[in-house]
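upload09.txt (compact mmCIF, C-alpha atoms)
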# COMPACT_ATOMS: atom_id res chain seq x y z
CA MET B 117 -38.02 118.17 176.74
CA HIS B 118 -36.09 115.58 174.69
CA LYS B 119 -37.51 112.77 176.82
CA THR B 120 -41.06 113.94 176.01
CA LEU B 121 -40.12 114.11 172.32
CA ILE B 122 -38.87 110.51 172.11
CA VAL B 123 -41.71 109.12 174.25
CA LYS B 124 -44.34 110.76 172.05
CA ALA B 125 -42.57 109.51 168.92
CA PHE B 126 -42.71 105.94 170.26
CA GLU B 127 -46.40 106.35 171.15
CA LYS B 128 -47.20 107.52 167.62
CA ALA B 129 -45.18 104.75 165.97
CA LYS B 130 -46.82 102.11 168.17
CA ASN B 131 -50.32 103.31 167.29
CA GLU B 132 -49.49 103.36 163.58
CA LEU B 133 -48.21 99.79 163.77
CA ILE B 134 -51.39 98.72 165.58
CA LEU B 135 -53.47 100.30 162.83
CA LYS B 136 -51.42 98.33 160.28
CA GLY B 137 -52.31 95.08 162.02
CA GLU B 138 -49.51 94.68 164.59
CA LEU B 139 -51.53 93.81 167.70
CA ASN B 140 -48.63 94.11 170.13
CA PRO B 141 -45.60 95.61 168.36
CA SER B 142 -42.25 95.11 170.09
CA THR B 143 -39.97 97.96 171.12
CA VAL B 144 -37.55 96.91 168.38
CA LYS B 145 -40.32 97.05 165.75
CA ILE B 146 -41.43 100.47 166.99
CA ALA B 147 -37.84 101.77 166.90
CA GLU B 148 -37.42 100.43 163.35
CA GLU B 149 -40.67 102.19 162.34
CA ILE B 150 -39.31 105.50 163.69
CA SER B 151 -35.86 104.98 162.12
CA ASP B 152 -37.45 104.32 158.73
CA ALA B 153 -39.78 107.34 159.03
CA ILE B 154 -36.99 109.75 160.06
CA ASP B 155 -34.77 108.48 157.25
CA LYS B 156 -37.57 109.21 154.75
CA LEU B 157 -38.28 112.65 156.22
CA ILE B 158 -34.76 114.08 156.50
CA GLY B 159 -32.48 111.55 154.79
CA PHE B 160 -30.51 110.91 157.98
CA SER B 161 -30.20 107.35 159.23
CA LEU B 162 -29.80 106.38 162.88
CA GLY B 163 -29.89 102.75 163.99
CA GLU B 164 -32.99 101.53 165.78
CA ARG B 165 -30.79 100.59 168.77
CA ARG B 166 -30.02 104.25 169.44
CA TYR B 167 -33.73 105.12 169.41
CA ARG B 168 -34.39 102.30 171.88
CA ASP B 169 -31.60 103.54 174.16
CA TYR B 170 -33.02 107.08 174.13
CA HIS B 171 -36.52 105.76 174.82
CA LYS B 172 -35.38 103.53 177.68
CA LEU B 173 -33.57 106.41 179.37
CA ALA B 174 -36.58 108.71 178.84
CA LEU B 175 -38.91 106.22 180.57
CA GLU B 176 -36.50 105.95 183.49
CA LEU B 177 -36.56 109.74 183.93
CA GLU B 178 -40.21 110.32 182.94
CA LYS B 179 -41.42 110.97 186.51
CA ASP B 180 -38.43 113.18 187.36
CA GLN B 181 -39.47 116.67 186.17
CA GLU B 182 -36.04 118.11 186.94
CA ARG B 183 -34.04 115.82 184.65
CA ASP B 184 -34.07 115.34 180.89
CA ILE B 185 -32.22 113.23 178.32
CA ASN B 186 -29.96 114.70 175.66
CA ILE B 187 -30.42 113.59 172.05
CA THR B 188 -27.04 114.66 170.69
CA GLN B 189 -27.90 114.48 166.97
CA VAL B 190 -29.54 117.82 166.04
CA LYS B 191 -30.92 116.32 162.81
CA ILE B 192 -32.66 113.55 164.76
CA VAL B 193 -34.29 116.10 167.10
CA SER B 194 -35.54 118.01 164.05
CA GLY B 195 -36.68 114.79 162.36
CA LEU B 196 -38.63 113.64 165.43
CA CYS B 197 -40.38 117.02 165.60
CA ASN B 198 -41.33 116.73 161.91
CA TYR B 199 -42.55 113.16 162.52
CA LEU B 200 -44.86 114.47 165.27
CA GLY B 201 -46.16 117.27 163.04
CA TYR B 202 -44.06 120.22 164.20
CA SER B 203 -41.92 122.43 161.96
CA THR B 204 -39.21 123.03 164.54
CA TYR B 205 -38.17 121.94 168.01
CA SER B 206 -39.16 125.39 169.27
CA ASP B 207 -42.75 124.85 168.03
CA PHE B 208 -42.86 121.46 169.73
CA LYS B 209 -41.58 122.88 173.03
CA LYS B 210 -44.05 125.77 172.97
CA LYS B 211 -46.94 123.37 172.30
CA ILE B 212 -45.94 121.07 175.16
CA ASP B 213 -45.43 124.00 177.53
CA ASN B 214 -48.89 125.38 176.68
CA LYS B 215 -50.46 121.98 177.24
CA ASP B 216 -48.82 121.76 180.66
CA LYS B 217 -50.04 125.23 181.63
CA ASN B 218 -53.62 124.56 180.53
CA SER B 219 -53.92 121.14 182.07
CA ASN B 220 -56.29 120.77 185.02
CA SER B 221 -57.13 118.18 187.63
CA SER B 222 -59.95 116.60 185.61
CA LEU B 223 -57.59 115.80 182.73
CA ILE B 224 -54.95 114.42 185.09
CA LYS B 225 -57.53 112.11 186.72
CA ARG B 226 -58.61 110.46 183.47
CA THR B 227 -58.05 106.74 183.54
CA ILE B 228 -55.41 105.11 181.35
CA SER B 229 -58.01 103.18 179.41
CA THR B 230 -59.95 106.35 178.51
CA TYR B 231 -56.73 108.10 177.51
CA LYS B 232 -55.73 105.23 175.21
CA TYR B 233 -59.19 105.17 173.65
CA TYR B 234 -59.15 108.85 172.69
CA LEU B 235 -55.55 108.63 171.57
CA LEU B 236 -56.47 105.77 169.25
CA ILE B 237 -59.44 107.71 167.84
CA LEU B 238 -57.19 110.72 167.22
CA ALA B 239 -54.61 108.50 165.52
CA ILE B 240 -57.28 106.99 163.25
CA ILE B 241 -58.56 110.44 162.25
CA SER B 242 -55.03 111.72 161.66
CA LEU B 243 -54.09 108.69 159.59
CA ALA B 244 -57.28 108.96 157.54
CA PHE B 245 -56.58 112.62 156.82
CA TYR B 246 -52.93 111.95 156.04
CA GLY B 247 -53.74 108.91 153.92
CA TYR B 248 -56.20 110.86 151.77
CA HIS B 249 -53.68 113.56 150.96
CA ALA B 250 -50.78 111.13 150.63
CA VAL B 251 -52.57 109.01 148.06
CA ASN B 252 -53.65 112.02 146.01
CA GLN B 253 -50.53 114.18 146.27
CA GLN B 254 -47.54 112.07 147.33
CA LYS B 255 -45.20 110.37 144.88
CA TRP B 256 -44.20 106.76 145.53
CA MET B 257 -41.34 104.37 144.81
CA VAL B 258 -40.80 100.62 144.92
CA TRP B 259 -37.71 98.40 145.04
CA GLN B 260 -36.99 96.57 141.78
CA LYS B 261 -34.06 94.11 141.71
CA ASP B 262 -31.21 96.51 142.52
CA ARG B 263 -32.72 99.99 142.89
CA TYR B 264 -35.76 102.08 143.82
CA VAL B 265 -37.93 103.30 140.93
CA GLU B 266 -40.83 105.74 140.90
CA THR B 267 -44.24 104.08 140.63
CA ASP B 268 -47.96 104.76 140.94
CA PHE B 269 -49.85 104.22 144.17
CA ASN B 270 -51.03 100.65 144.74
CA SER B 271 -52.94 99.72 147.89
CA ASN B 272 -51.85 96.07 147.77
CA SER B 273 -48.18 97.03 147.53
CA LEU B 274 -48.65 99.48 150.38
CA ASN B 275 -50.27 96.84 152.61
CA GLN B 276 -47.41 94.44 151.82
CA GLY B 277 -44.86 97.07 152.85
CA LEU B 278 -43.40 97.26 149.34
CA LEU B 279 -44.50 100.81 148.50
CA LYS B 280 -42.35 103.63 149.93
CA LEU B 281 -42.70 107.40 149.94
CA TYR B 282 -40.70 108.88 147.07
CA ASN B 283 -37.18 109.93 148.03
CA ALA B 284 -35.02 111.51 145.33
CA ASP B 285 -31.80 110.70 147.17
CA ARG B 286 -32.77 107.01 147.43
CA ILE B 287 -33.66 106.95 143.73
CA GLU B 288 -30.36 108.50 142.65
CA HIS B 289 -27.79 107.12 145.09
CA PHE B 290 -29.11 103.91 146.68
CA LYS B 291 -28.24 100.87 144.56
CA LYS B 292 -27.43 97.21 145.20
CA ILE B 293 -24.17 96.09 143.60
CA ASP B 294 -21.97 92.99 143.36
CA PRO B 295 -18.54 94.28 144.43
CA ASN B 296 -15.24 92.70 143.43
CA CYS B 297 -11.53 93.34 143.91
CA ASP B 298 -11.71 96.37 141.59
CA THR B 299 -14.45 98.07 143.60
CA VAL B 300 -13.53 101.32 145.40
CA PHE B 301 -14.62 100.73 148.99
CA PHE B 302 -13.34 103.90 150.69
CA LYS B 303 -12.78 107.54 149.81
CA ASN B 304 -9.32 109.09 150.16
CA ASP B 305 -10.14 110.22 153.69
CA GLY B 306 -11.19 106.71 154.71
CA THR B 307 -14.94 107.32 154.54
CA GLU B 308 -16.94 104.23 153.57
CA MET B 309 -18.53 104.06 150.12
CA LEU B 310 -20.32 100.74 150.61
CA TRP B 311 -22.78 99.32 153.15
CA TYR B 312 -24.01 95.78 153.65
CA GLY B 313 -26.76 93.71 155.22
CA LYS B 314 -28.35 90.26 155.03
CA ASN B 315 -31.44 89.56 152.95
CA LYS B 316 -34.28 87.30 154.10
CA SER B 317 -32.29 84.27 152.95
CA GLY B 318 -29.35 85.24 155.13
CA GLU B 319 -27.14 86.23 152.20
CA LEU B 320 -24.96 89.35 152.36
CA GLU B 321 -25.90 92.12 149.95
CA PHE B 322 -24.03 95.35 149.31
CA PHE B 323 -25.38 98.87 148.70
CA THR B 324 -23.96 102.20 147.57
CA SER B 325 -25.49 104.33 150.33
CA VAL B 326 -26.37 104.22 154.01
CA GLY B 327 -29.97 103.34 154.87
CA LEU B 328 -32.28 100.39 155.48
CA HIS B 329 -32.19 97.06 153.68
CA PRO B 330 -35.08 97.30 151.15
CA GLU B 331 -36.16 93.71 151.84
CA THR B 332 -35.76 93.33 155.62
CA GLY B 333 -35.97 96.97 156.74
CA LYS B 334 -32.91 96.57 158.98
CA THR B 335 -30.22 99.24 159.19
CA LEU B 336 -27.27 98.56 156.88
CA LYS B 337 -23.73 98.36 158.29
CA LYS B 338 -20.61 100.15 157.10
CA ILE B 339 -18.18 98.09 155.05
CA THR B 340 -14.99 96.99 156.84
CA LYS B 341 -11.69 95.54 155.66
CA TYR B 342 -12.61 92.29 157.43
CA ILE B 343 -15.86 91.95 155.45
CA ILE B 344 -14.06 92.82 152.21
CA LYS B 345 -11.40 90.12 152.69
CA LYS B 346 -13.86 87.48 153.89
CA TYR B 347 -16.70 87.93 151.43
CA ILE B 348 -15.47 89.99 148.45
CA CYS B 349 -11.73 89.98 147.77
CA GLU B 350 -9.33 87.67 149.64
CA SER B 351 -6.30 89.58 148.34
CA TYR B 352 -7.52 92.99 149.55
Could you express the structure from this file as structure tokens?
Amino acid sequence: MHKTLIVKAFEKAKNELILKGELNPSTVKIAEEISDAIDKLIGFSLGERRYRDYHKLALELEKDQERDINITQVKIVSGLCNYLGYSTYSDFKKKIDNKDKNSNSSLIKRTISTYKYYLLILAIISLAFYGYHAVNQQKWMVWQKDRYVETDFNSNSLNQGLLKLYNADRIEHFKKIDPNCDTVFFKNDGTEMLWYGKNKSGELEFFTSVGLHPETGKTLKKITKYIIKKYICESY
């Protein structure tokens, strides 16, 4: 059932990108959309490459009813279910099983074009319903210089991709810093305390938590001793 889960997540993300103006979003863009959404929902980041790998394997096995893929990260399975509107993986599985049992030959024989049309209509209705409640009930945040700050809803900022759903963890722990030789890069057990990524100008920037670069939307990388010596402190 994991292959159905990831395929449906990609279908939803693709339709949302189309509604935002992306006429033919790439697989990378779709994977980044999912990665960003899951990170916002559960605070757990997984690189877009892993989502693409899962999706590719799912498509290869889609016609084989006896085989499934295995998404090893339990949090990602839960996050994908939440992204598709289900509380738990069990709810998702029950819903899919019921759909399979109630399907009939007339539904199976629908043409691909008709299926895409109704799917698009459903996506528009769902987005309209979600958008109404999101604007009126959801809190928002925006990136300012070196941190996220809470802000009011602004349609122009949302259309420009600047407005993000409020995330308390991002507000409290995600900051951009300028590290130096005195910076503590690792915990006592060796766990990284700094992540990095390039901005739109190609310059390296450093952040205090894992996540996506607030300017480019790309997944940040863990700090390494090589990066420290080359870009921060030659004597490290």
Original post:
Smallest atom-to-atom distance to Ile134 of chain B: which of B:Leu243, B:Cys197, B:Ile187, B:Lys291, using all atoms listed in the file?
Top reply: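 The shortest atom-to-atom distance to Ile134 of chain B comes from B:Leu243.
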To box segment 338-346 of chain B, take all atoms listed in the file, fit an axis-aligned box, add 4 Å on each side, and give centre and edge lengths in Å to one decimal, as lines of an AutoDock Vina configuration file.
center_x = -16.0
center_y = 93.8
center_z = 154.8
size_x = 17.2
size_y = 20.7
size_z = 13.2
**OP:** Report the distance between atom CA of Ser325 of chain B and atom CA of Val190 of chain B in Å, rounded to one decimal place.
**Re:** 21.1 Å
**OP:** Would you please work out which residue, of B:Asp262, B:Glu138, B:Glu182, B:Asp213, is nearest to His329 of chain B when using all atoms listed in the file?
**Re:**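 Comparing B:Asp262, B:Glu138, B:Glu182, B:Asp213 against His329 of chain B, the winner is B:Asp262.
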**OP:** Can you work out the spacing between atom CA of Tyr199 of chain B and atom CA of Ile154 of chain B in Å, to one decimal?
**Re:**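 So the two atoms, atom CA of Tyr199 of chain B and atom CA of Ile154 of chain B, lie 7.0 Å apart.
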Subject >> Top pick for closest residue to Met117 of chain B, considering B:Lys334, B:Lys346, B:Lys211, B:Arg286 and counting only C-alpha atoms >> reply: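 Among B:Lys334, B:Lys346, B:Lys211, B:Arg286, it is B:Lys211 that comes nearest to Met117 of chain B.
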Excluding Tyr167 of chain B and residues on its chain fewer than 6 positions from it, collect all residues at most 12 Å away from it, counting only C-alpha atoms, and give them as a PDB file with C-alpha atoms, keeping the file's coordinate frame.
ATOM      1  CA  HIS B 118     -36.090 115.580 174.690  1.00  0.00           C
ATOM      2  CA  LYS B 119     -37.510 112.770 176.820  1.00  0.00           C
ATOM      3  CA  LEU B 121     -40.120 114.110 172.320  1.00  0.00           C
ATOM      4  CA  ILE B 122     -38.870 110.510 172.110  1.00  0.00           C
ATOM      5  CA  VAL B 123     -41.710 109.120 174.250  1.00  0.00           C
ATOM      6  CA  ALA B 125     -42.570 109.510 168.920  1.00  0.00           C
ATOM      7  CA  PHE B 126     -42.710 105.940 170.260  1.00  0.00           C
ATOM      8  CA  ALA B 129     -45.180 104.750 165.970  1.00  0.00           C
ATOM      9  CA  THR B 143     -39.970  97.960 171.120  1.00  0.00           C
ATOM     10  CA  VAL B 144     -37.550  96.910 168.380  1.00  0.00           C
ATOM     11  CA  LYS B 145     -40.320  97.050 165.750  1.00  0.00           C
ATOM     12  CA  ILE B 146     -41.430 100.470 166.990  1.00  0.00           C
ATOM     13  CA  ALA B 147     -37.840 101.770 166.900  1.00  0.00           C
ATOM     14  CA  GLU B 148     -37.420 100.430 163.350  1.00  0.00           C
ATOM     15  CA  GLU B 149     -40.670 102.190 162.340  1.00  0.00           C
ATOM     16  CA  ILE B 150     -39.310 105.500 163.690  1.00  0.00           C
ATOM     17  CA  SER B 151     -35.860 104.980 162.120  1.00  0.00           C
ATOM     18  CA  ASP B 152     -37.450 104.320 158.730  1.00  0.00           C
ATOM     19  CA  ILE B 154     -36.990 109.750 160.060  1.00  0.00           C
ATOM     20  CA  SER B 161     -30.200 107.350 159.230  1.00  0.00           C
ATOM     21  CA  LEU B 173     -33.570 106.410 179.370  1.00  0.00           C
ATOM     22  CA  ALA B 174     -36.580 108.710 178.840  1.00  0.00           C
ATOM     23  CA  ILE B 187     -30.420 113.590 172.050  1.00  0.00           C
ATOM     24  CA  THR B 188     -27.040 114.660 170.690  1.00  0.00           C
ATOM     25  CA  GLN B 189     -27.900 114.480 166.970  1.00  0.00           C
ATOM     26  CA  ILE B 192     -32.660 113.550 164.760  1.00  0.00           C
ATOM     27  CA  VAL B 193     -34.290 116.100 167.100  1.00  0.00           C
ATOM     28  CA  LEU B 196     -38.630 113.640 165.430  1.00  0.00           C
TER      29      LEU B 196
END
